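The next block is data11.cif, given as mmCIF, C-alpha atoms.
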data_model
#
loop_
_atom_site.label_atom_id
_atom_site.label_comp_id
_atom_site.auth_asym_id
_atom_site.auth_seq_id
_atom_site.Cartn_x
_atom_site.Cartn_y
_atom_site.Cartn_z
CA MET K 1 -104.50 27.74 -18.56
CA PRO K 2 -107.57 26.41 -16.72
CA ARG K 3 -109.94 28.99 -15.34
CA GLU K 4 -110.27 27.03 -12.15
CA ILE K 5 -108.40 24.24 -10.47
CA ALA K 6 -109.54 21.66 -7.97
CA LEU K 7 -107.64 21.68 -4.67
CA GLY K 8 -108.94 18.54 -3.08
CA ASP K 9 -112.56 19.01 -4.04
CA ALA K 10 -112.63 22.78 -3.69
CA LEU K 11 -112.51 24.71 -6.93
CA VAL K 12 -110.26 27.75 -6.76
CA PRO K 13 -109.55 30.26 -9.53
CA GLY K 14 -106.59 29.46 -11.78
CA LEU K 15 -105.30 32.93 -11.01
CA LEU K 16 -104.33 31.68 -7.55
CA LEU K 17 -101.63 29.48 -9.12
CA VAL K 18 -100.30 32.50 -11.00
CA PHE K 19 -100.26 34.43 -7.73
CA ILE K 20 -98.22 31.77 -5.97
CA GLY K 21 -95.89 31.45 -8.96
CA SER K 22 -95.21 35.17 -9.09
CA MET K 23 -94.55 35.20 -5.34
CA LEU K 24 -91.86 32.55 -5.81
CA LEU K 25 -90.45 34.44 -8.78
CA LEU K 26 -90.32 37.66 -6.82
CA TRP K 27 -88.59 35.91 -3.94
CA GLY K 28 -85.81 35.02 -6.39
CA LEU K 29 -85.65 38.55 -7.81
CA ASP K 30 -85.57 39.96 -4.29
CA TRP K 31 -82.66 37.69 -3.40
CA LEU K 32 -80.78 38.79 -6.53
CA ALA K 33 -81.42 42.46 -5.82
CA GLY K 34 -80.21 42.02 -2.26
CA ARG K 35 -77.17 40.04 -3.42
CA TYR K 36 -76.01 42.76 -5.84
CA GLY K 37 -77.16 45.70 -3.69
CA LEU K 38 -79.61 47.05 -6.31
CA TYR K 39 -81.85 48.54 -3.64
CA ARG K 40 -79.31 51.32 -3.27
CA TYR K 41 -80.58 52.74 -6.55
CA VAL K 42 -84.24 53.13 -5.51
CA TRP K 43 -86.07 55.51 -3.29
CA HIS K 44 -88.41 53.31 -1.21
CA PRO K 45 -87.30 49.68 -1.51
CA SER K 46 -90.53 48.25 -0.09
CA LEU K 47 -92.69 50.32 -2.50
CA VAL K 48 -90.61 49.11 -5.42
CA ARG K 49 -90.88 45.52 -4.22
CA ILE K 50 -94.66 45.59 -4.09
CA ALA K 51 -94.83 47.39 -7.47
CA ALA K 52 -92.49 44.79 -8.98
CA PHE K 53 -94.74 42.05 -7.63
CA ILE K 54 -97.79 43.65 -9.25
CA CYS K 55 -95.89 43.93 -12.54
CA VAL K 56 -94.89 40.26 -12.49
CA PHE K 57 -98.30 39.00 -11.38
CA GLY K 58 -100.19 41.20 -13.86
CA SER K 59 -97.98 40.28 -16.78
CA LEU K 60 -98.22 36.56 -16.08
CA GLY K 61 -101.98 36.82 -15.58
CA LEU K 62 -102.47 38.70 -18.83
CA LEU K 63 -100.22 36.28 -20.71
CA LEU K 64 -101.83 33.10 -19.40
CA PHE K 65 -105.49 34.10 -19.55
CA MET D 1 -75.59 63.49 -4.51
CA LYS D 2 -78.51 65.60 -5.72
CA LEU D 3 -78.50 63.81 -9.09
CA ALA D 4 -78.31 60.38 -7.52
CA SER D 5 -81.35 60.97 -5.33
CA LEU D 6 -83.29 62.26 -8.38
CA ALA D 7 -82.41 59.07 -10.29
CA ARG D 8 -83.59 56.98 -7.34
CA LEU D 9 -86.89 58.84 -7.32
CA VAL D 10 -87.37 58.44 -11.09
CA VAL D 11 -86.66 54.69 -11.02
CA THR D 12 -89.14 54.19 -8.19
CA VAL D 13 -91.89 56.26 -9.82
CA LEU D 14 -91.44 54.42 -13.14
CA VAL D 15 -91.75 51.01 -11.52
CA VAL D 16 -94.84 52.07 -9.56
CA LEU D 17 -96.45 53.58 -12.67
CA LEU D 18 -95.83 50.38 -14.62
CA ALA D 19 -97.36 48.37 -11.77
CA VAL D 20 -100.48 50.56 -11.79
CA LEU D 21 -100.94 50.15 -15.57
CA ILE D 22 -100.43 46.37 -15.57
CA GLY D 23 -102.59 45.90 -12.49
CA HIS D 24 -105.39 47.91 -14.07
CA ALA D 25 -105.15 45.94 -17.31
CA LEU D 26 -105.33 42.62 -15.44
CA TRP D 27 -108.28 43.84 -13.37
CA LYS D 28 -110.17 44.90 -16.51
CA HIS D 29 -109.35 41.67 -18.27
CA TYR D 30 -110.44 39.53 -15.33
CA MET D 31 -113.64 41.47 -14.68
CA TYR D 32 -114.85 42.19 -18.21
CA SER D 33 -113.57 39.42 -20.46
CA PRO D 34 -116.56 37.21 -21.27
CA TRP D 35 -116.19 33.99 -19.38
CA THR D 36 -118.27 32.39 -16.71
CA ARG D 37 -118.18 29.39 -14.44
CA ASP D 38 -121.96 29.32 -14.31
CA GLY D 39 -122.82 27.35 -17.41
CA ARG D 40 -125.60 24.80 -17.24
CA VAL D 41 -126.26 22.02 -19.71
CA ARG D 42 -129.91 22.16 -20.72
CA ALA D 43 -132.16 20.06 -22.93
CA GLU D 44 -135.66 20.17 -24.27
CA VAL D 45 -137.96 17.97 -22.23
CA VAL D 46 -141.26 16.59 -23.47
CA ARG D 47 -143.70 15.87 -20.65
CA ILE D 48 -145.52 12.79 -21.85
CA ALA D 49 -149.19 12.72 -20.86
CA PRO D 50 -151.82 10.30 -22.14
CA ASP D 51 -154.50 11.72 -24.45
CA VAL D 52 -157.14 9.33 -23.08
CA ALA D 53 -157.80 8.33 -19.51
CA GLY D 54 -157.81 4.83 -18.10
CA LEU D 55 -155.92 2.13 -16.28
CA VAL D 56 -152.36 1.56 -17.42
CA SER D 57 -152.18 -1.96 -18.80
CA GLU D 58 -148.59 -2.11 -20.05
CA VAL D 59 -145.40 -0.10 -19.52
CA LYS D 60 -142.93 -0.81 -22.32
CA VAL D 61 -139.92 1.24 -21.18
CA LEU D 62 -137.54 1.35 -18.25
CA ASP D 63 -136.28 4.43 -16.49
CA ASN D 64 -133.44 6.19 -18.39
CA GLN D 65 -133.99 4.02 -21.45
CA VAL D 66 -133.11 5.31 -24.91
CA VAL D 67 -136.13 5.42 -27.23
CA LYS D 68 -136.58 6.28 -30.88
CA LYS D 69 -139.33 8.47 -32.24
CA GLY D 70 -142.52 6.43 -32.49
CA ASP D 71 -141.52 3.76 -29.96
CA LEU D 72 -144.31 2.51 -27.70
CA LEU D 73 -143.99 3.94 -24.17
CA PHE D 74 -147.08 2.66 -22.38
CA VAL D 75 -150.58 1.42 -23.11
CA ILE D 76 -153.86 2.46 -21.53
CA ASP D 77 -156.41 -0.33 -21.02
CA ARG D 78 -158.07 -0.75 -24.41
CA ALA D 79 -161.31 -2.57 -23.45
CA ARG D 80 -163.44 0.54 -23.01
CA TYR D 81 -162.20 2.05 -26.24
CA LEU D 82 -162.75 -1.21 -28.14
CA ASN D 83 -166.32 -1.16 -26.85
CA ALA D 84 -166.71 2.41 -28.01
CA VAL D 85 -165.52 1.48 -31.48
CA ALA D 86 -167.94 -1.48 -31.62
CA GLN D 87 -170.76 0.77 -30.49
CA ALA D 88 -169.89 3.34 -33.14
CA GLU D 89 -169.73 0.65 -35.80
CA ALA D 90 -173.18 -0.61 -34.77
CA ASN D 91 -174.54 2.94 -34.84
CA LEU D 92 -173.14 3.38 -38.32
CA ALA D 93 -174.74 0.13 -39.51
CA ALA D 94 -178.09 1.23 -38.03
CA ALA D 95 -177.81 4.62 -39.70
CA GLU D 96 -176.98 3.02 -43.03
CA ALA D 97 -179.99 0.69 -42.71
CA SER D 98 -182.31 3.57 -41.98
CA ALA D 99 -180.87 5.43 -44.98
CA ARG D 100 -181.74 2.46 -47.14
CA ALA D 101 -185.22 2.34 -45.60
CA ALA D 102 -185.62 6.02 -46.39
CA GLY D 103 -184.65 5.35 -50.00
CA ALA D 104 -187.25 2.60 -50.21
CA SER D 105 -189.93 4.82 -48.74
CA ILE D 106 -189.20 7.40 -51.44
CA ASN D 107 -189.94 4.72 -54.02
CA ALA D 108 -193.13 3.71 -52.21
CA ALA D 109 -194.24 7.34 -51.97
CA SER D 110 -193.62 8.03 -55.62
CA ALA D 111 -195.48 4.85 -56.59
CA GLY D 112 -198.38 6.06 -54.42
CA ALA D 113 -198.20 9.43 -56.15
CA ASN D 114 -198.43 7.74 -59.55
CA GLN D 115 -201.43 5.78 -58.38
CA THR D 116 -203.26 8.88 -57.14
CA LYS D 117 -202.34 10.66 -60.40
CA VAL D 118 -203.95 7.88 -62.43
CA ASN D 119 -206.96 8.04 -60.14
CA TYR D 120 -207.18 11.77 -60.53
CA ASP D 121 -206.92 11.58 -64.34
CA ASN D 122 -209.68 9.03 -64.37
CA TYR D 123 -212.02 11.09 -62.18
CA ALA D 124 -211.20 14.29 -64.05
CA ALA D 125 -212.02 12.71 -67.40
CA GLN D 126 -215.23 11.26 -66.00
CA SER D 127 -216.24 14.60 -64.55
CA GLU D 128 -215.47 16.41 -67.80
CA ARG D 129 -217.56 13.97 -69.77
CA ARG D 130 -220.48 14.35 -67.41
CA GLN D 131 -220.33 18.14 -67.49
CA LYS D 132 -220.59 18.06 -71.29
CA LEU D 133 -223.76 15.95 -71.43
CA ILE D 134 -226.75 18.16 -72.21
CA ASN D 135 -230.49 17.84 -71.70
CA ASN D 136 -230.89 16.26 -68.33
CA VAL D 137 -229.43 12.88 -69.28
CA ILE D 138 -227.99 12.76 -65.80
CA SER D 139 -229.08 14.65 -62.79
CA ALA D 140 -227.39 17.80 -61.55
CA GLU D 141 -226.48 15.90 -58.40
CA ASP D 142 -224.53 13.29 -60.33
CA ARG D 143 -222.70 16.01 -62.15
CA ALA D 144 -221.78 17.70 -58.88
CA ASN D 145 -220.72 14.34 -57.45
CA ALA D 146 -218.41 13.69 -60.39
CA GLN D 147 -216.88 17.16 -59.99
CA ALA D 148 -216.35 16.57 -56.26
CA ALA D 149 -214.78 13.18 -56.86
CA ALA D 150 -212.35 14.72 -59.36
CA ASN D 151 -211.44 17.47 -56.88
CA ALA D 152 -210.90 14.93 -54.11
CA ALA D 153 -208.68 12.84 -56.40
CA HIS D 154 -206.69 15.98 -57.23
CA ALA D 155 -206.20 16.70 -53.53
CA ALA D 156 -205.11 13.10 -52.92
CA TRP D 157 -202.57 13.39 -55.71
CA GLN D 158 -201.12 16.55 -54.25
CA GLN D 159 -200.93 14.89 -50.84
CA ALA D 160 -199.07 11.96 -52.38
CA GLN D 161 -196.63 14.37 -54.04
CA ALA D 162 -196.03 16.06 -50.68
CA SER D 163 -195.35 12.66 -49.12
CA THR D 164 -192.79 11.98 -51.83
CA ARG D 165 -190.98 15.20 -50.98
CA GLN D 166 -191.21 14.33 -47.29
CA ALA D 167 -189.67 10.94 -47.98
CA GLY D 168 -186.85 12.69 -49.89
CA ALA D 169 -186.18 14.94 -46.92
CA GLY D 170 -186.27 11.89 -44.67
CA GLN D 171 -183.63 10.24 -46.83
CA GLN D 172 -181.37 13.29 -46.59
CA GLN D 173 -181.78 13.23 -42.83
CA ALA D 174 -180.85 9.57 -42.78
CA LEU D 175 -177.78 10.22 -44.95
CA ALA D 176 -176.69 13.01 -42.59
CA ALA D 177 -177.09 10.56 -39.71
CA VAL D 178 -174.82 8.15 -41.60
CA THR D 179 -172.13 10.82 -41.91
CA GLN D 180 -172.52 11.61 -38.23
CA ALA D 181 -172.11 7.95 -37.34
CA GLN D 182 -169.01 7.74 -39.54
CA VAL D 183 -167.44 10.71 -37.73
CA GLU D 184 -168.28 9.14 -34.38
CA LEU D 185 -166.62 5.92 -35.52
CA ALA D 186 -163.51 7.84 -36.58
CA ALA D 187 -163.40 9.58 -33.19
CA ALA D 188 -163.77 6.26 -31.36
CA GLN D 189 -161.00 4.79 -33.53
CA LEU D 190 -158.76 7.78 -32.75
CA ASN D 191 -159.35 7.32 -29.02
CA LEU D 192 -158.51 3.64 -29.40
CA ASP D 193 -155.27 4.52 -31.24
CA ARG D 194 -154.35 7.03 -28.56
CA THR D 195 -154.43 4.33 -25.88
CA GLU D 196 -150.93 3.53 -27.16
CA VAL D 197 -148.70 6.38 -26.00
CA ARG D 198 -145.69 6.73 -28.29
CA ALA D 199 -142.46 8.71 -28.13
CA PRO D 200 -142.78 11.97 -30.09
CA VAL D 201 -138.98 12.47 -30.36
CA ASP D 202 -135.75 10.48 -30.06
CA GLY D 203 -134.57 10.72 -26.52
CA TYR D 204 -134.12 9.39 -23.04
CA VAL D 205 -136.96 8.39 -20.73
CA THR D 206 -136.48 10.15 -17.42
CA ASN D 207 -138.35 10.19 -14.16
CA LEU D 208 -140.61 7.34 -15.19
CA ASP D 209 -143.49 7.56 -12.75
CA ILE D 210 -145.98 5.08 -14.10
CA ARG D 211 -146.73 1.48 -13.19
CA VAL D 212 -149.11 -1.14 -14.52
CA GLY D 213 -152.41 -0.60 -12.73
CA ASP D 214 -151.98 3.16 -12.25
CA TYR D 215 -154.89 5.29 -13.32
CA ALA D 216 -153.65 7.76 -15.94
CA SER D 217 -155.73 10.89 -16.36
CA THR D 218 -155.95 12.79 -19.60
CA GLY D 219 -153.32 15.52 -19.80
CA THR D 220 -151.43 14.64 -16.61
CA PRO D 221 -147.72 14.13 -17.42
CA ARG D 222 -146.44 10.75 -16.30
CA LEU D 223 -142.86 10.74 -17.58
CA ALA D 224 -140.29 13.11 -19.02
CA LEU D 225 -138.66 12.45 -22.38
CA ILE D 226 -135.41 14.33 -22.95
CA ASP D 227 -134.89 15.11 -26.63
CA SER D 228 -131.45 13.67 -27.37
CA HIS D 229 -130.80 16.14 -30.21
CA SER D 230 -131.59 19.24 -28.22
CA TYR D 231 -128.73 19.69 -25.73
CA TRP D 232 -127.55 23.25 -25.34
CA ILE D 233 -125.80 25.28 -22.65
CA TYR D 234 -127.10 28.29 -20.81
CA GLY D 235 -124.20 30.48 -19.67
CA TYR D 236 -125.21 32.94 -16.97
CA PHE D 237 -122.93 35.88 -17.82
CA GLU D 238 -122.61 38.81 -15.50
CA GLU D 239 -123.99 41.93 -17.06
CA THR D 240 -120.55 43.57 -16.91
CA LYS D 241 -119.25 40.92 -19.31
CA LEU D 242 -122.21 40.96 -21.63
CA PRO D 243 -121.25 43.87 -23.94
CA THR D 244 -118.45 41.84 -25.51
CA VAL D 245 -120.63 38.81 -26.22
CA ARG D 246 -122.06 38.69 -29.75
CA VAL D 247 -124.28 36.13 -31.41
CA GLY D 248 -122.08 33.80 -33.46
CA ASP D 249 -118.96 34.09 -31.27
CA LYS D 250 -116.99 30.90 -30.72
CA VAL D 251 -117.18 29.45 -27.22
CA ASP D 252 -114.88 27.04 -25.42
CA ILE D 253 -116.84 24.81 -23.08
CA ARG D 254 -115.27 22.87 -20.23
CA LEU D 255 -117.52 20.53 -18.36
CA LEU D 256 -117.00 20.23 -14.64
CA ALA D 257 -117.36 16.50 -15.27
CA GLY D 258 -113.79 15.44 -16.01
CA GLY D 259 -112.93 18.73 -17.66
CA ALA D 260 -114.07 17.52 -21.08
CA ARG D 261 -113.47 20.23 -23.70
CA LEU D 262 -116.31 21.05 -26.08
CA THR D 263 -116.75 23.84 -28.57
CA GLY D 264 -119.81 25.84 -29.40
CA THR D 265 -121.19 29.12 -30.66
CA VAL D 266 -123.31 31.81 -29.07
CA GLU D 267 -126.80 31.18 -30.39
CA SER D 268 -128.78 33.93 -28.71
CA ILE D 269 -128.85 36.21 -25.70
CA ALA D 270 -131.84 36.36 -23.38
CA ARG D 271 -133.60 39.72 -23.54
CA GLY D 272 -135.09 39.66 -20.09
CA ILE D 273 -134.72 38.39 -16.54
CA THR D 274 -136.99 38.98 -13.59
CA ASP D 275 -136.30 42.09 -11.57
CA ALA D 276 -135.46 40.65 -8.15
CA ASP D 277 -136.40 43.96 -6.50
CA ASN D 278 -139.93 43.97 -7.81
CA PRO D 279 -141.96 41.43 -5.85
CA THR D 280 -145.19 42.79 -4.51
CA GLY D 281 -145.34 42.91 -0.74
CA ALA D 282 -148.30 43.49 1.56
CA ASP D 283 -150.78 46.23 0.55
CA LEU D 284 -149.65 45.99 -3.09
CA LEU D 285 -146.46 47.92 -2.35
CA SER D 286 -143.27 46.77 -3.97
CA ASP D 287 -140.79 45.00 -1.74
CA VAL D 288 -137.46 46.71 -2.50
CA ASN D 289 -134.34 45.28 -0.89
CA PRO D 290 -132.03 47.54 1.08
CA THR D 291 -128.69 48.15 -0.57
CA PHE D 292 -125.03 48.50 0.29
CA ASN D 293 -123.87 51.64 -1.38
CA TRP D 294 -120.44 50.27 -2.19
CA VAL D 295 -121.07 46.66 -3.06
CA ARG D 296 -123.20 46.20 -6.15
CA LEU D 297 -123.99 42.74 -7.34
CA ALA D 298 -124.05 42.20 -11.09
CA GLN D 299 -127.16 40.51 -12.42
CA ARG D 300 -126.61 37.51 -14.60
CA VAL D 301 -128.21 37.16 -18.00
CA PRO D 302 -128.59 33.78 -19.72
CA VAL D 303 -126.70 33.35 -23.00
CA ARG D 304 -127.68 30.35 -25.07
CA VAL D 305 -124.73 28.43 -26.46
CA LYS D 306 -125.16 25.84 -29.18
CA ILE D 307 -122.94 22.79 -28.64
CA ASP D 308 -120.92 21.77 -31.69
CA ALA D 309 -122.25 18.21 -31.74
CA ASP D 310 -119.92 17.10 -34.57
CA HIS D 311 -116.83 17.64 -32.45
CA LEU D 312 -118.04 16.10 -29.24
CA PRO D 313 -115.17 14.17 -27.59
CA ALA D 314 -115.86 10.43 -27.72
CA GLY D 315 -117.59 9.13 -24.63
CA THR D 316 -118.89 12.48 -23.47
CA VAL D 317 -122.06 11.99 -21.47
CA LEU D 318 -124.22 15.08 -21.40
CA ALA D 319 -126.92 15.33 -18.77
CA ALA D 320 -129.23 18.29 -18.43
CA GLY D 321 -128.21 20.24 -15.32
CA MET D 322 -124.44 19.65 -15.55
CA THR D 323 -122.11 22.55 -14.80
CA ALA D 324 -119.74 23.99 -17.38
CA THR D 325 -117.22 26.79 -17.65
CA LEU D 326 -117.68 28.92 -20.76
CA ILE D 327 -115.02 31.12 -22.36
CA VAL D 328 -116.27 33.28 -25.21
CA HIS D 329 -113.79 34.34 -27.89
CA PRO D 330 -115.25 37.58 -29.20
CA ALA D 331 -115.03 37.91 -32.95
CA PRO D 332 -112.77 40.78 -34.08
CA ALA D 333 -114.71 44.04 -34.25
CA ARG D 334 -116.23 44.66 -37.67
#
Can you give me the file's structure in the form of structure tokens?
Amino acid sequence: MPREIALGDALVPGLLLVFIGSMLLLWGLDWLAGRYGLYRYVWHPSLVRIAAFICVFGSLGLLLF
Amino acid sequence: MKLASLARLVVTVLVVLLAVLIGHALWKHYMYSPWTRDGRVRAEVVRIAPDVAGLVSEVKVLDNQVVKKGDLLFVIDRARYLNAVAQAEANLAAAEASARAAGASINAASAGANQTKVNYDNYAAQSERRQKLINNVISAEDRANAQAAANAAHAAWQQAQASTRQAGAGQQQALAAVTQAQVELAAAQLNLDRTEVRAPVDGYVTNLDIRVGDYASTGTPRLALIDSHSYWIYGYFEETKLPTVRVGDKVDIRLLAGGARLTGTVESIARGITDADNPTGADLLSDVNPTFNWVRLAQRVPVRVKIDADHLPAGTVLAAGMTATLIVHPAPAR
């Protein structure tokens, strides 16, 4: 995984790609959870959603770097 | 209902806890793992300056040309130095001639000494004979005269001996002058040789700032020669990342130019950088910058990375000053 990528001519950290990827992934997970009503089993759905995002982003970042 | 709400709480807390742990791990990894985007390709540069002064009569290289060790770079006008050599040669010949003359004068002086010795012997014998005659065969005056003549001849002999020694000393002086003239000739020859400025290393001519007709002064650099075997990379690592960097660690190098991948090893770590807060202001007081209490900027310390030249991708062009990203792979802890 490259440490930095060129967007046009601007170099941005490679972690930004991971961030965008995990946002897309979480969108899917969110849709699934909504579809099967899994949010009934948690206390604060929005807190769990942001924590799940951090889990996905952190794991991907640690794996790829 | 009570149990269900407890389960909901537990699930939420578990997910949040996991997020905190993973987030912290990623933060630590990103902040403290030893990599930097501030790598600079560096090379050793020889600043070529002429050893003798004079007008530049020939420039044998072009800008950015590749040269081998010993190749001719430029030539200083030789006329003056040729003259100096001719002068030194003439001085040497003169010194040698006067040494020969001194040798001859030793011979002359010792011949003169022999002559005065013979004279002295003659007068001494005569005087001795006259002193031995008894009964007023010759007058007392004649006897005294003979004695005086013998004494005078003795003095003349001694004088001649002294002149011989003087001539010997003169010859030594002349021989020393010959040696002196030889050294002067060697120096003039050296100056003449140094009018041809040659490449001290294999490398690339850079920033060629010399034209035919320029006056080149002794010791003033006129072009830079980049040693082609000396490329290395300085990685400016933040001090937070430095503890994991060890000499000998493998390094992945990615040049900004086309993303070429090189490998290398950590060669050494700089043991000092200038303290940016320590310039001296007016009145000899130090000029300390104000600080944000929350934001602290990490200093960067140069780490010297040796490029693995055997595994250079084909066609890689290295130029001193290029930017590179360095990723150090710390060796397992021993």
> When the cut-off is 10 Å and we count all atoms listed in the file, which residues of chain D are near chain K, given as an NGL selection string?
Replying inline: :D and (4-27 or 29-30 or 33 or 35-37 or 254 or 256 or 259 or 325-327)
>> To test your reading of the syntax: which residues would the PyMOL selection byres ((chain D and resi 185) around 8) return for the file shown? Reply as JSON, numbers by chain.
In response: {"D": [85, 88, 89, 92, 181, 182, 183, 184, 186, 187, 188, 189]}
> What do you get, as a PyMOL selection string, if you spell out every residue that the PyMOL selection byres ((chain D and resi 308) around 8) selects here?
Replying inline: chain D and resi 262-265+306-307+309-312
> So what does the PyMOL selection byres ((chain D and resi 234) around 8) actually pick up in this one, as a PyMOL selection string?
Replying inline: chain D and resi 39-42+232-233+235-236+302-305
>> Neighbouring residues of Asn278 in chain D were defined as those with any atom within 7 Å, considering only C-alpha atoms; residues of the same chain fewer than 6 positions away were excluded. Please report them as a PyMOL selection string.
In response: chain D and resi 286-288
>> List the spatial neighbours of range 75-81 of chain D as a ChimeraX atom specification - criterion: any atom at most 7 Å away, only C-alpha atoms, same-chain residues fewer than 2 positions off excluded.
In response: /D:54-59,83-85,188,191-192,195-197
>> If I take CA of Thr240 in chain D and CA of Ile5 in chain K, how far is one from the other in Å, to one decimal?
In response: 23.7 Å
> Of the candidates D:Ala99, D:Ala282, D:Leu72, D:Ala319, which one gets nearest to Ile226 in chain D if we count all atoms listed in the file?
Replying inline: D:Ala319
>> Taking 2 positions as the minimum chain separation for residues in the same chain, which residues sit within 12 Å of Thr220 in chain D when counting only C-alpha atoms? Answer as number ranges by chain.
In response: D: 47-54, 209-210, 215-218, 222-224
> Near Ala146 in chain D, within 9 Å and counting all atoms listed in the file, which residues show up once chain neighbours fewer than 2 positions away are dropped, as a PyMOL selection string?
Replying inline: chain D and resi 123-124+126-128+130-131+141-144+148-151
> CA of Ile269 in chain D to CA of Thr244 in chain D: how many Å, to one decimal?
Replying inline: 11.8 Å
> To one decimal place, how far is CA of Ala162 in chain D from CA of Ser105 in chain D in Å?
Replying inline: 12.9 Å
